[in-house]
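S.K.: I am sharing start-v5.tsv, which consists of TSV, C-alpha atoms:
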```tsv
chain	number	residue	atom	x	y	z
A	1316	MET	CA	100.43	86.39	90.47
A	1317	THR	CA	96.86	87.58	89.95
A	1318	ASP	CA	94.09	85.15	89.32
A	1319	HIS	CA	92.45	87.23	86.59
A	1320	PHE	CA	93.17	84.42	84.22
A	1321	ILE	CA	90.77	82.07	85.90
A	1322	GLU	CA	87.95	84.53	85.30
A	1323	ASP	CA	88.70	84.89	81.57
A	1324	LYS	CA	85.76	83.28	79.75
A	1325	THR	CA	86.77	83.63	76.10
A	1326	THR	CA	89.86	81.57	76.09
A	1327	LYS	CA	89.43	78.56	73.86
A	1328	VAL	CA	91.57	78.77	70.77
A	1329	THR	CA	92.67	76.35	68.11
A	1330	VAL	CA	96.38	75.94	67.70
A	1331	ALA	CA	98.28	74.01	65.07
A	1332	VAL	CA	100.96	71.96	66.72
A	1333	ASP	CA	103.95	70.49	64.91
A	1334	GLY	CA	102.09	70.87	61.61
A	1335	THR	CA	100.36	67.60	62.47
A	1336	GLY	CA	96.91	69.06	62.67
A	1337	ALA	CA	94.98	71.26	65.01
A	1338	GLN	CA	94.78	70.93	68.78
A	1339	LYS	CA	92.44	72.70	71.16
A	1340	VAL	CA	94.18	74.65	73.89
A	1341	ASP	CA	92.01	75.73	76.78
A	1342	PHE	CA	93.64	78.77	78.34
A	1343	ASN	CA	91.74	78.06	81.54
A	1344	ASP	CA	93.66	74.81	81.83
A	1345	LEU	CA	96.97	76.50	81.28
A	1346	LYS	CA	97.40	78.06	84.67
A	1347	SER	CA	96.77	74.76	86.38
A	1348	GLY	CA	99.59	73.48	84.22
A	1349	GLY	CA	102.03	76.23	85.19
A	1350	PHE	CA	101.65	78.48	82.14
A	1351	ILE	CA	101.12	82.08	83.17
A	1352	LYS	CA	99.94	84.74	80.74
A	1353	GLN	CA	102.26	87.69	80.22
A	1354	ARG	CA	101.43	91.25	79.22
A	1355	GLN	CA	102.83	90.54	75.78
A	1356	LYS	CA	100.48	89.08	73.17
A	1357	ASP	CA	100.74	85.27	72.81
A	1358	LEU	CA	103.58	85.04	75.31
A	1359	PHE	CA	103.54	83.05	78.53
A	1360	THR	CA	105.79	82.26	81.46
A	1361	VAL	CA	106.46	78.55	81.88
A	1362	ARG	CA	106.94	77.73	85.55
A	1363	LEU	CA	109.04	74.66	86.29
A	1364	ARG	CA	108.62	72.37	89.25
A	1365	CYS	CA	111.68	72.58	91.51
A	1366	PRO	CA	110.78	71.33	95.02
A	1367	GLY	CA	113.00	72.95	97.65
A	1368	GLY	CA	114.68	74.98	94.90
A	1369	ARG	CA	117.19	72.22	94.29
A	1370	LEU	CA	118.40	71.10	90.86
A	1371	SER	CA	121.21	68.85	89.74
A	1372	THR	CA	123.80	70.73	87.72
A	1373	GLU	CA	123.25	68.21	84.94
A	1374	LYS	CA	119.56	69.09	84.74
A	1375	LEU	CA	120.27	72.80	85.04
A	1376	VAL	CA	122.49	72.65	81.94
A	1377	GLU	CA	119.70	70.91	80.01
A	1378	ILE	CA	117.05	73.35	81.24
A	1379	SER	CA	119.30	76.21	80.13
A	1380	LYS	CA	119.36	74.82	76.61
A	1381	VAL	CA	115.56	74.53	76.52
A	1382	ALA	CA	115.14	78.03	77.97
A	1383	HIS	CA	117.58	79.44	75.46
A	1384	LYS	CA	115.66	77.83	72.61
A	1385	TYR	CA	112.12	78.82	73.68
A	1386	SER	CA	112.40	82.11	75.53
A	1387	LYS	CA	111.86	84.83	72.92
A	1388	LYS	CA	113.88	87.19	75.07
A	1389	GLY	CA	116.46	84.70	76.35
A	1390	VAL	CA	115.65	85.16	80.05
A	1391	VAL	CA	114.60	83.09	83.05
A	1392	HIS	CA	113.36	84.24	86.45
A	1393	PHE	CA	113.67	82.65	89.88
A	1394	SER	CA	110.11	82.56	91.19
A	1395	PHE	CA	109.38	83.63	94.76
A	1396	ARG	CA	108.85	79.97	95.54
A	1397	GLN	CA	112.23	78.78	94.35
A	1398	SER	CA	111.14	77.41	90.99
A	1399	LEU	CA	112.70	78.44	87.71
A	1400	GLU	CA	110.45	80.24	85.23
A	1401	ILE	CA	111.16	80.42	81.51
A	1402	LEU	CA	109.85	83.77	80.30
A	1403	TYR	CA	108.50	84.88	76.91
A	1404	VAL	CA	107.40	81.48	75.60
A	1405	ASP	CA	104.97	81.48	72.65
A	1406	TYR	CA	101.87	79.42	73.46
A	1407	LYS	CA	102.01	77.81	70.03
A	1408	GLU	CA	105.17	76.04	71.18
A	1409	PHE	CA	103.76	74.65	74.44
A	1410	SER	CA	103.65	71.02	73.33
A	1411	ASN	CA	107.21	71.18	72.08
A	1412	ILE	CA	108.67	72.78	75.19
A	1413	VAL	CA	106.79	70.39	77.48
A	1414	ALA	CA	108.01	67.41	75.45
A	1415	GLU	CA	111.61	68.64	75.56
A	1416	LEU	CA	111.42	69.27	79.30
A	1417	GLU	CA	109.91	65.85	79.83
A	1418	LYS	CA	112.83	64.26	77.99
A	1419	ILE	CA	115.22	65.66	80.62
A	1420	GLY	CA	112.91	64.69	83.49
A	1421	GLN	CA	111.79	68.25	84.25
A	1422	LYS	CA	108.14	68.76	85.07
A	1423	VAL	CA	106.11	71.93	84.77
A	1424	ALA	CA	104.61	73.36	87.96
A	1425	SER	CA	101.07	74.52	88.62
A	1426	CYS	CA	99.11	77.48	89.87
A	1427	GLY	CA	95.53	77.79	91.09
A	1428	PRO	CA	93.57	76.06	93.85
A	1429	ARG	CA	95.75	73.08	94.66
A	1430	VAL	CA	98.77	71.93	96.64
A	1431	ARG	CA	101.77	73.85	95.33
A	1432	VAL	CA	105.43	72.91	95.00
A	1433	PRO	CA	106.92	72.92	98.52
A	1434	THR	CA	109.77	75.29	99.32
A	1435	ALA	CA	112.66	74.53	101.66
A	1436	CYS	CA	115.98	75.80	102.96
A	1437	GLY	CA	119.15	73.73	102.60
A	1438	GLY	CA	118.41	71.77	105.77
A	1439	CYS	CA	120.66	69.52	107.82
A	1440	GLU	CA	122.37	67.93	104.82
A	1441	TYR	CA	124.89	70.77	104.54
A	1442	ASN	CA	123.75	73.74	106.65
A	1443	PRO	CA	125.36	73.69	110.13
A	1444	ASN	CA	122.20	75.16	111.70
A	1445	GLY	CA	119.94	72.57	110.07
A	1446	LEU	CA	118.05	70.18	112.35
A	1447	THR	CA	115.81	68.44	109.83
A	1448	ASP	CA	116.32	67.14	106.30
A	1449	THR	CA	114.11	69.78	104.70
A	1450	GLN	CA	115.12	68.87	101.16
A	1451	LYS	CA	114.13	65.25	101.63
A	1452	MET	CA	110.81	66.32	103.16
A	1453	ALA	CA	110.08	68.81	100.35
A	1454	ASP	CA	110.76	66.11	97.80
A	1455	MET	CA	108.45	63.69	99.60
A	1456	VAL	CA	105.64	66.27	99.84
A	1457	ASP	CA	106.05	67.17	96.17
A	1458	LYS	CA	105.88	63.53	95.10
A	1459	THR	CA	102.93	62.71	97.37
A	1460	PHE	CA	100.73	65.82	97.32
A	1461	PHE	CA	101.64	68.08	94.41
A	1462	GLY	CA	98.55	69.19	92.49
A	1463	THR	CA	96.00	67.80	94.97
A	1464	PRO	CA	92.88	69.98	94.54
A	1465	THR	CA	91.99	72.23	97.51
A	1466	PRO	CA	89.49	75.11	97.94
A	1467	HIS	CA	92.23	77.67	97.26
A	1468	LYS	CA	96.01	77.53	96.90
A	1469	PHE	CA	97.81	75.47	99.54
A	1470	LYS	CA	101.44	76.37	100.15
A	1471	THR	CA	103.86	74.39	102.28
A	1472	SER	CA	107.45	75.01	103.30
A	1473	PHE	CA	110.21	73.46	105.37
A	1474	SER	CA	112.72	75.36	107.50
A	1475	GLY	CA	115.51	73.39	109.11
A	1476	CYS	CA	115.87	75.56	112.23
A	1477	PRO	CA	114.22	78.41	114.17
A	1478	ILE	CA	115.90	81.04	111.96
A	1479	ASP	CA	113.07	80.02	109.63
A	1480	CYS	CA	114.49	81.11	106.27
A	1481	ALA	CA	111.62	79.24	104.55
A	1482	ARG	CA	109.14	81.52	106.38
A	1483	THR	CA	106.89	78.81	107.78
A	1484	LYS	CA	104.87	81.49	109.56
A	1485	GLU	CA	103.58	82.69	106.18
A	1486	MET	CA	102.54	79.28	104.84
A	1487	ASP	CA	99.18	77.56	104.70
A	1488	MET	CA	101.10	74.78	106.40
A	1489	GLY	CA	104.73	75.18	107.46
A	1490	PHE	CA	107.21	72.85	109.13
A	1491	GLN	CA	110.16	74.19	111.12
A	1492	GLY	CA	112.92	72.00	112.48
A	1493	VAL	CA	113.49	71.78	116.24
A	1494	VAL	CA	115.59	69.74	118.65
A	1495	ASP	CA	114.83	68.99	122.27
A	1496	PRO	CA	118.05	69.42	124.28
A	1497	LYS	CA	118.84	67.10	127.16
A	1498	TRP	CA	121.53	67.79	129.74
A	1499	GLU	CA	123.47	65.21	131.75
A	1500	GLU	CA	125.41	66.23	134.80
A	1501	GLU	CA	128.19	63.65	134.60
A	1502	PRO	CA	130.10	64.83	131.49
A	1503	CYS	CA	129.49	68.55	132.32
A	1504	THR	CA	132.59	70.45	133.38
A	1505	GLY	CA	130.74	73.68	134.22
A	1506	CYS	CA	132.56	75.58	131.46
A	1507	THR	CA	129.54	77.91	130.90
A	1508	ILE	CA	129.86	77.87	127.09
A	1509	CYS	CA	126.23	76.71	126.73
A	1510	ALA	CA	124.96	79.72	128.68
A	1511	GLU	CA	127.05	81.98	126.43
A	1512	ALA	CA	125.93	80.15	123.26
A	1513	CYS	CA	122.21	80.37	124.11
A	1514	LYS	CA	120.79	83.43	122.37
A	1515	GLU	CA	117.43	83.10	124.17
A	1516	ASP	CA	118.64	83.42	127.77
A	1517	ALA	CA	117.21	79.97	128.41
A	1518	ILE	CA	120.43	78.85	130.10
A	1519	ALA	CA	121.99	80.53	133.11
A	1520	SER	CA	125.20	79.35	134.77
A	1521	ASP	CA	125.23	78.38	138.40
A	1522	PRO	CA	127.46	81.00	140.06
A	1523	ASP	CA	129.34	78.33	142.06
A	1524	THR	CA	129.62	75.33	139.73
A	1525	GLY	CA	129.18	76.96	136.29
A	1526	LYS	CA	126.67	74.25	135.48
A	1527	PRO	CA	123.58	75.17	133.46
A	1528	ILE	CA	120.21	76.18	134.89
A	1529	PHE	CA	117.76	75.54	132.07
A	1530	ASP	CA	114.46	77.37	131.52
A	1531	PRO	CA	112.41	75.31	129.02
A	1532	MET	CA	109.85	78.11	128.68
A	1533	LYS	CA	112.47	80.35	127.05
A	1534	CYS	CA	113.97	77.60	124.87
A	1535	ILE	CA	113.16	77.77	121.16
A	1536	PHE	CA	114.82	74.39	120.48
A	1537	CYS	CA	117.56	75.58	118.12
A	1538	GLY	CA	120.26	73.23	119.43
A	1539	ASP	CA	122.96	75.90	119.87
A	1540	CYS	CA	123.73	74.49	123.34
A	1541	ILE	CA	124.21	71.01	121.92
A	1542	ARG	CA	126.49	72.27	119.19
A	1543	ALA	CA	128.55	74.44	121.53
A	1544	CYS	CA	129.00	71.96	124.39
A	1545	PRO	CA	132.60	70.67	124.37
A	1546	THR	CA	131.85	67.51	126.36
A	1547	GLU	CA	128.53	66.27	124.93
A	1548	ALA	CA	126.77	66.99	128.23
A	1549	TRP	CA	124.02	68.57	126.11
A	1550	ARG	CA	122.63	66.05	123.65
A	1551	PRO	CA	119.66	65.83	121.31
A	1552	LYS	CA	116.75	64.04	122.96
A	1553	ARG	CA	114.50	64.15	119.89
A	1554	TYR	CA	114.24	65.99	116.60
A	1555	GLY	CA	110.99	67.10	114.99
A	1556	HIS	CA	109.00	69.84	113.34
A	1557	ILE	CA	106.98	72.69	114.75
A	1558	VAL	CA	103.84	72.70	112.60
A	1559	ARG	CA	102.28	76.05	111.71
A	1560	ILE	CA	98.91	76.41	110.05
A	1561	GLY	CA	96.88	79.14	108.34
A	1562	GLY	CA	99.54	81.64	107.35
A	1563	LYS	CA	99.59	83.59	104.11
A	1564	HIS	CA	101.08	86.68	102.54
A	1565	GLY	CA	99.42	88.66	99.77
A	1566	ARG	CA	97.09	91.62	100.20
A	1567	HIS	CA	95.95	90.58	103.64
A	1568	PRO	CA	98.79	88.75	105.33
A	1569	MET	CA	98.10	86.42	108.22
A	1570	GLU	CA	100.54	84.80	110.62
A	1571	ALA	CA	100.27	81.05	110.96
A	1572	VAL	CA	99.55	79.54	114.37
A	1573	GLU	CA	101.63	76.82	115.98
A	1574	VAL	CA	99.56	73.67	116.29
A	1575	CYS	CA	102.19	71.07	117.07
A	1576	HIS	CA	105.69	70.74	118.52
A	1577	PHE	CA	108.08	67.91	117.70
A	1578	LEU	CA	106.17	66.21	114.95
A	1579	PRO	CA	108.52	63.44	113.77
A	1580	ASP	CA	109.49	63.11	110.08
A	1581	GLU	CA	107.42	59.98	109.61
A	1582	LYS	CA	104.20	61.78	110.65
A	1583	VAL	CA	104.56	64.74	108.27
A	1584	ALA	CA	102.77	63.04	105.37
A	1585	ASP	CA	99.87	62.04	107.65
A	1586	ALA	CA	99.63	65.56	109.03
A	1587	ILE	CA	99.42	67.06	105.53
A	1588	LYS	CA	96.93	64.47	104.33
A	1589	MET	CA	94.65	64.99	107.35
A	1590	THR	CA	94.93	68.78	106.98
A	1591	ILE	CA	93.99	68.64	103.29
A	1592	ASP	CA	91.02	66.42	104.23
A	1593	TRP	CA	89.89	68.96	106.82
A	1594	TYR	CA	90.40	71.86	104.41
A	1595	ASN	CA	88.44	70.16	101.62
A	1596	ALA	CA	85.62	69.30	104.03
A	1597	ASN	CA	85.44	72.74	105.70
A	1598	GLY	CA	86.92	75.35	103.36
A	1599	LYS	CA	84.74	77.34	100.96
A	1600	ARG	CA	85.79	77.69	97.37
A	1601	GLY	CA	88.38	80.47	97.12
A	1602	GLU	CA	89.01	80.55	100.87
A	1603	ARG	CA	92.52	80.00	102.24
A	1604	ILE	CA	92.83	77.57	105.13
A	1605	GLY	CA	93.70	80.41	107.52
A	1606	ASN	CA	90.34	82.05	106.87
A	1607	ALA	CA	88.55	78.71	107.07
A	1608	LEU	CA	90.15	78.16	110.50
A	1609	LYS	CA	88.96	81.59	111.66
A	1610	ARG	CA	85.43	80.90	110.47
A	1611	VAL	CA	85.07	77.28	111.61
A	1612	GLY	CA	87.35	77.49	114.64
A	1613	LEU	CA	90.82	76.19	115.40
A	1614	GLU	CA	89.41	73.75	117.96
A	1615	ASN	CA	87.51	71.94	115.23
A	1616	TYR	CA	90.72	71.48	113.25
A	1617	LEU	CA	92.75	70.39	116.30
A	1618	LYS	CA	90.13	67.79	117.19
A	1619	HIS	CA	90.35	66.42	113.65
A	1620	MET	CA	94.17	66.31	113.90
A	1621	GLU	CA	94.33	64.67	117.34
A	1622	PRO	CA	95.39	61.23	116.05
A	1623	VAL	CA	98.44	62.75	114.33
A	1624	PHE	CA	99.39	65.46	116.82
A	1625	GLN	CA	99.20	63.40	120.02
A	1626	ASN	CA	102.45	62.97	122.00
A	1627	THR	CA	104.11	65.85	120.22
A	1628	ALA	CA	103.90	68.53	122.91
A	1629	LYS	CA	106.97	70.42	123.99
A	1630	ALA	CA	108.48	70.07	127.44
A	1631	GLY	CA	106.67	72.17	130.01
A	1632	ALA	CA	103.63	72.64	127.77
B	600	MET	CA	150.03	73.13	129.08
B	601	SER	CA	149.61	73.94	125.41
B	602	ASP	CA	151.75	73.64	122.30
B	603	ALA	CA	150.68	76.96	120.81
B	604	SER	CA	148.49	79.92	121.64
B	605	ILE	CA	146.36	82.39	119.72
B	606	ASP	CA	144.80	85.51	121.21
B	607	LEU	CA	141.65	86.40	119.28
B	608	ARG	CA	140.35	89.16	121.50
B	609	GLY	CA	138.96	91.94	119.31
B	610	VAL	CA	138.86	89.67	116.23
B	611	MET	CA	135.43	89.40	114.60
B	612	CYS	CA	133.49	86.35	113.39
B	613	PRO	CA	134.24	84.48	111.26
B	614	ILE	CA	137.87	85.67	110.97
B	615	ASN	CA	138.54	84.39	114.51
B	616	PHE	CA	137.44	80.90	113.48
B	617	VAL	CA	139.46	80.99	110.24
B	618	LYS	CA	142.57	82.00	112.18
B	619	THR	CA	141.96	79.17	114.67
B	620	LYS	CA	141.49	76.70	111.85
B	621	LEU	CA	144.69	77.75	110.05
B	622	LYS	CA	146.67	77.59	113.25
B	623	LEU	CA	145.33	74.11	114.03
B	624	GLU	CA	146.10	72.89	110.54
B	625	ALA	CA	149.72	73.91	110.96
B	626	MET	CA	149.94	71.74	114.11
B	627	ASN	CA	150.33	68.00	114.57
B	628	PRO	CA	147.42	65.72	115.52
B	629	GLY	CA	146.96	65.55	119.28
B	630	GLU	CA	148.70	68.85	120.00
B	631	ILE	CA	146.95	71.45	122.13
B	632	LEU	CA	146.15	74.98	120.99
B	633	GLU	CA	145.17	77.64	123.49
B	634	VAL	CA	142.52	80.00	122.05
B	635	ILE	CA	141.44	83.22	123.72
B	636	LEU	CA	138.00	84.42	122.69
B	637	ASP	CA	135.77	87.34	123.59
B	638	SER	CA	132.38	86.63	125.13
B	639	GLY	CA	129.33	87.37	122.97
B	640	ASP	CA	129.41	86.41	119.29
B	641	PRO	CA	132.86	84.78	119.31
B	642	ILE	CA	132.14	82.37	122.19
B	643	GLN	CA	128.67	81.67	120.70
B	644	ASN	CA	130.08	80.64	117.34
B	645	VAL	CA	133.72	79.60	117.38
B	646	PRO	CA	133.46	76.51	119.67
B	647	LYS	CA	130.60	75.11	117.50
B	648	SER	CA	132.72	75.52	114.38
B	649	ILE	CA	135.81	74.00	116.02
B	650	LYS	CA	133.73	70.96	116.98
B	651	GLU	CA	132.23	70.69	113.49
B	652	GLU	CA	135.78	70.57	112.05
B	653	GLY	CA	136.36	67.51	114.23
B	654	HIS	CA	138.68	69.04	116.83
B	655	LYS	CA	138.15	68.55	120.54
B	656	ILE	CA	137.69	71.29	123.13
B	657	VAL	CA	139.37	69.88	126.22
B	658	GLU	CA	139.20	72.83	128.58
B	659	VAL	CA	137.28	76.07	128.94
B	660	LYS	CA	137.96	78.80	131.46
B	661	LYS	CA	136.08	82.04	131.85
B	662	GLU	CA	138.33	84.95	132.77
B	663	GLY	CA	136.34	88.14	133.13
B	664	ASP	CA	135.15	89.25	129.69
B	665	PHE	CA	136.92	86.54	127.76
B	666	PHE	CA	137.33	82.77	127.53
B	667	ARG	CA	140.48	80.68	127.46
B	668	LEU	CA	139.94	77.43	125.53
B	669	LYS	CA	142.24	74.49	125.03
B	670	VAL	CA	141.66	72.73	121.74
B	671	GLN	CA	143.13	69.39	120.79
B	672	ARG	CA	143.90	69.11	117.09
B	673	SER	CA	142.18	66.15	115.42
```
Taking this structure as input, can you express it in the form of structure tokens?
M.R.:
Amino acid sequence: MTDHFIEDKTTKVTVAVDGTGAQKVDFNDLKSGGFIKQRQKDLFTVRLRCPGGRLSTEKLVEISKVAHKYSKKGVVHFSFRQSLEILYVDYKEFSNIVAELEKIGQKVASCGPRVRVPTACGGCEYNPNGLTDTQKMADMVDKTFFGTPTPHKFKTSFSGCPIDCARTKEMDMGFQGVVDPKWEEEPCTGCTICAEACKEDAIASDPDTGKPIFDPMKCIFCGDCIRACPTEAWRPKRYGHIVRIGGKHGRHPMEAVEVCHFLPDEKVADAIKMTIDWYNANGKRGERIGNALKRVGLENYLKHMEPVFQNTAKAGA
Amino acid sequence: MSDASIDLRGVMCPINFVKTKLKLEAMNPGEILEVILDSGDPIQNVPKSIKEEGHKIVEVKKEGDFFRLKVQRS
């Protein structure tokens, strides 16, 4: 989505709403409210707020009815950040569509320089690979931080495992689930399944006993060994999130850097709050956090984050 | 000692798991199924899925390029 709208200066119009009189609509306010101008005259895309891309079927049915009523072309689009967008909505009907969506408990999303709706994979609730409850975390972040003003857009996402479907490396701040595996000799039968199951070559089998020889430097903390072990000799020691900061896509993509291993669920809100504080104190208007980090220095940010990130290092680090 | 056997060498994921599952479902709780799996993808994935279905892997033997598992039906 381009930001040309923000630069449009001649955008105040008077609109009659519900025949109950005139109401001023400031087009500059629209984008912050999730209304995005289309090529077509008077028509806008209405972006809904769907954290983690999850909707109850009940709500989906109701949204469908609203979309069917207000989309001049009868179409919706799944946004690149998992939210549903109702296309071809006439701006004169904004108040009505918002009121109808509100009635079914569906909020409209936002664009512009603020914390955006978090995205997430399915997570540990139903995905066998999932290590963290990404949906629960996305919901929490949406409730706590959605719309908080920042120097530029601030995108977050949650992946439940190192496959990283939610692309945490491309986020302003991304959280990827990890598990620290712990091996106990006693229940181990030396079956070698863990060494076979490990896709990172972090586990070799002792040629005599078949028991695992673990290299923590190669481990990416996916938990495949724990899931494959028939005798529970490999167990989860702790779950957490790898935290990545400063990524973005767009015209000049940047890869986020890892700033923390094994951040527990209960520290995620603190980490986001502290990061937003740092960003608001150090970022220039229109500058993504990744660029602010390059300009000010990662060390400055890490020092600021010390109270949250302490005791979260990975084994061997 | 096993009550049934299934040789899944050359069978791809996830068909090998589905075949194991169907076989186990036709058996009685507590009975033992012998499963032969290739190394690589099959041994990386099938034991995880067997465990997630609630069955118990009671024995694993590596024999050259393949694995011989004994699975106790839940």
S.K.: Per residue of chain A within 12 Å of chain B, which atom pair is closest and at what distance in Å (one decimal), using only C-alpha atoms, listed by chain and increasing number, as JSON lines?
M.R.:
```
{"residue": "A:Tyr1441", "atom": "CA", "partner": "B:Glu651", "partner_atom": "CA", "distance": 11.6}
{"residue": "A:Asn1442", "atom": "CA", "partner": "B:Glu651", "partner_atom": "CA", "distance": 11.3}
{"residue": "A:Pro1443", "atom": "CA", "partner": "B:Glu651", "partner_atom": "CA", "distance": 8.2}
{"residue": "A:Asn1444", "atom": "CA", "partner": "B:Lys647", "partner_atom": "CA", "distance": 10.2}
{"residue": "A:Pro1502", "atom": "CA", "partner": "B:Val657", "partner_atom": "CA", "distance": 11.8}
{"residue": "A:Cys1503", "atom": "CA", "partner": "B:Glu658", "partner_atom": "CA", "distance": 11.3}
{"residue": "A:Thr1504", "atom": "CA", "partner": "B:Glu658", "partner_atom": "CA", "distance": 8.5}
{"residue": "A:Gly1505", "atom": "CA", "partner": "B:Val659", "partner_atom": "CA", "distance": 8.7}
{"residue": "A:Cys1506", "atom": "CA", "partner": "B:Val659", "partner_atom": "CA", "distance": 5.4}
{"residue": "A:Thr1507", "atom": "CA", "partner": "B:Lys661", "partner_atom": "CA", "distance": 7.8}
{"residue": "A:Ile1508", "atom": "CA", "partner": "B:Ile642", "partner_atom": "CA", "distance": 7.0}
{"residue": "A:Cys1509", "atom": "CA", "partner": "B:Gln643", "partner_atom": "CA", "distance": 8.2}
{"residue": "A:Ala1510", "atom": "CA", "partner": "B:Gln643", "partner_atom": "CA", "distance": 9.0}
{"residue": "A:Glu1511", "atom": "CA", "partner": "B:Gln643", "partner_atom": "CA", "distance": 6.0}
{"residue": "A:Ala1512", "atom": "CA", "partner": "B:Gln643", "partner_atom": "CA", "distance": 4.0}
{"residue": "A:Cys1513", "atom": "CA", "partner": "B:Gln643", "partner_atom": "CA", "distance": 7.4}
{"residue": "A:Lys1514", "atom": "CA", "partner": "B:Gln643", "partner_atom": "CA", "distance": 8.2}
{"residue": "A:Glu1515", "atom": "CA", "partner": "B:Gln643", "partner_atom": "CA", "distance": 11.9}
{"residue": "A:Ser1520", "atom": "CA", "partner": "B:Lys661", "partner_atom": "CA", "distance": 11.6}
{"residue": "A:Pro1522", "atom": "CA", "partner": "B:Lys661", "partner_atom": "CA", "distance": 11.9}
{"residue": "A:Gly1525", "atom": "CA", "partner": "B:Lys661", "partner_atom": "CA", "distance": 9.7}
{"residue": "A:Gly1538", "atom": "CA", "partner": "B:Lys647", "partner_atom": "CA", "distance": 10.7}
{"residue": "A:Asp1539", "atom": "CA", "partner": "B:Lys647", "partner_atom": "CA", "distance": 8.0}
{"residue": "A:Cys1540", "atom": "CA", "partner": "B:Lys647", "partner_atom": "CA", "distance": 9.0}
{"residue": "A:Ile1541", "atom": "CA", "partner": "B:Lys647", "partner_atom": "CA", "distance": 8.8}
{"residue": "A:Arg1542", "atom": "CA", "partner": "B:Lys647", "partner_atom": "CA", "distance": 5.3}
{"residue": "A:Ala1543", "atom": "CA", "partner": "B:Lys647", "partner_atom": "CA", "distance": 4.6}
{"residue": "A:Cys1544", "atom": "CA", "partner": "B:Lys647", "partner_atom": "CA", "distance": 7.7}
{"residue": "A:Pro1545", "atom": "CA", "partner": "B:Ile656", "partner_atom": "CA", "distance": 5.3}
{"residue": "A:Thr1546", "atom": "CA", "partner": "B:Ile656", "partner_atom": "CA", "distance": 7.7}
{"residue": "A:Glu1547", "atom": "CA", "partner": "B:Lys650", "partner_atom": "CA", "distance": 10.6}
```
S.K.: Skipping near chain neighbours, those fewer than 5 positions away, what residues fall within 9 Å of segment 600-604 of chain B using all atoms listed in the file, listed as a PyMOL selection string?
M.R.: chain B and resi 622+626+630-635+669-670
S.K.: Atom CA of Cys1575 of chain A and atom CA of Ala1596 of chain A, how far apart in Å?
M.R.: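 Result for atom CA of Ala1596 of chain A versus atom CA of Cys1575 of chain A: 21.2 Å, one decimal.
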S.K.: Produce a table with one row for each residue of segment 1391-1492 of chain A that has an atom at most 9 Å from any atom of segment 1588-1592 of chain A, each row naming the nearest atom pair and its distance in Å at one decimal; use only C-alpha atoms; arrange rows by chain and rising residue number; format as a Markdown table.
M.R.:
```
| residue | atom | partner | partner_atom | distance |
| --- | --- | --- | --- | --- |
| A:Val1430 | CA | A:Ile1591 | CA | 8.8 |
| A:Phe1460 | CA | A:Lys1588 | CA | 8.1 |
| A:Thr1463 | CA | A:Ile1591 | CA | 8.6 |
| A:Pro1464 | CA | A:Ile1591 | CA | 8.9 |
| A:Thr1465 | CA | A:Ile1591 | CA | 7.1 |
| A:Phe1469 | CA | A:Ile1591 | CA | 8.7 |
| A:Met1488 | CA | A:Thr1590 | CA | 8.6 |
```
S.K.: Which one of B:Ile614, B:Arg608, B:Asn627, B:Leu636 sits closest to Ser673 of chain B if you count all atoms listed in the file?
M.R.: B:Asn627
S.K.: Taking every listed atom of segment 1492-1505 of chain A and adding 3 Å to each side, what centre and edge lengths in Å (one decimal) does the axis-aligned box have, as lines of an AutoDock Vina configuration file?
M.R.:
```
center_x = 122.8
center_y = 68.7
center_z = 123.6
size_x = 25.7
size_y = 16.0
size_z = 28.3
```
S.K.: Skipping near chain neighbours, those fewer than 6 positions away, what residues fall within 6 Å of Gly1367 of chain A using only C-alpha atoms, listed as a PDB file with C-alpha atoms, keeping the file's coordinate frame?
M.R.:
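So around.pdb came out as:
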```pdb
ATOM      1  CA  THR A1434     109.770  75.290  99.320  1.00  0.00           C
ATOM      2  CA  ALA A1435     112.660  74.530 101.660  1.00  0.00           C
ATOM      3  CA  GLN A1450     115.120  68.870 101.160  1.00  0.00           C
ATOM      4  CA  ALA A1453     110.080  68.810 100.350  1.00  0.00           C
TER       5      ALA A1453
END
```
S.K.: Quick one: residues within 10 Å of Lys1384 of chain A, all atoms listed in the file, excluding same-chain residues fewer than 5 positions away - as a list in words?
M.R.: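 Counting only the stated atoms, we get Ile1378, Ser1379, Gly1389, Val1404 and Ile1412 of chain A.
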S.K.: When you draw a straight line from atom CA of Val1583 of chain A to atom CA of Met1452 of chain A, how long is it in Å?
M.R.: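 So the two atoms, atom CA of Val1583 of chain A and atom CA of Met1452 of chain A, lie 8.2 Å apart.
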S.K.: I'd like the interatomic distance between atom CA of Met1620 of chain A and atom CA of Asp1585 of chain A, to a tenth of an Å.
M.R.: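 Computed distance, atom CA of Met1620 of chain A to atom CA of Asp1585 of chain A, equals 9.5 Å.
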S.K.: When you look at Ser1386 of chain A with a cut-off of 10 Å (counting all atoms listed in the file), what residues show up, excluding the ones that are within fewer than 6 positions of it in the same chain? I need them as a PyMOL selection string.
M.R.: chain A and resi 1358-1361+1401-1405
S.K.: Find the residues near Asp1487 of chain A: any atom within 8 Å, counting all atoms listed in the file, skip ones fewer than 5 places away on the same chain, and give them as a list in words.
M.R.: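 Listing them by chain and then by number gives Phe1469, Lys1470, Thr1471, Arg1559, Ile1560, Gly1561, Gly1562, Lys1563, Ala1571, Arg1603, Ile1604 and Gly1605 of chain A.
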S.K.: Let me make sure I understand: among A:Arg1610, A:His1556, A:His1619, A:Lys1374, which one has the smallest atom-to-atom distance to Pro1579 of chain A if we use all atoms listed in the file?
M.R.: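 Looking only at the distances to Pro1579 of chain A, the closest residue turns out to be A:His1556.
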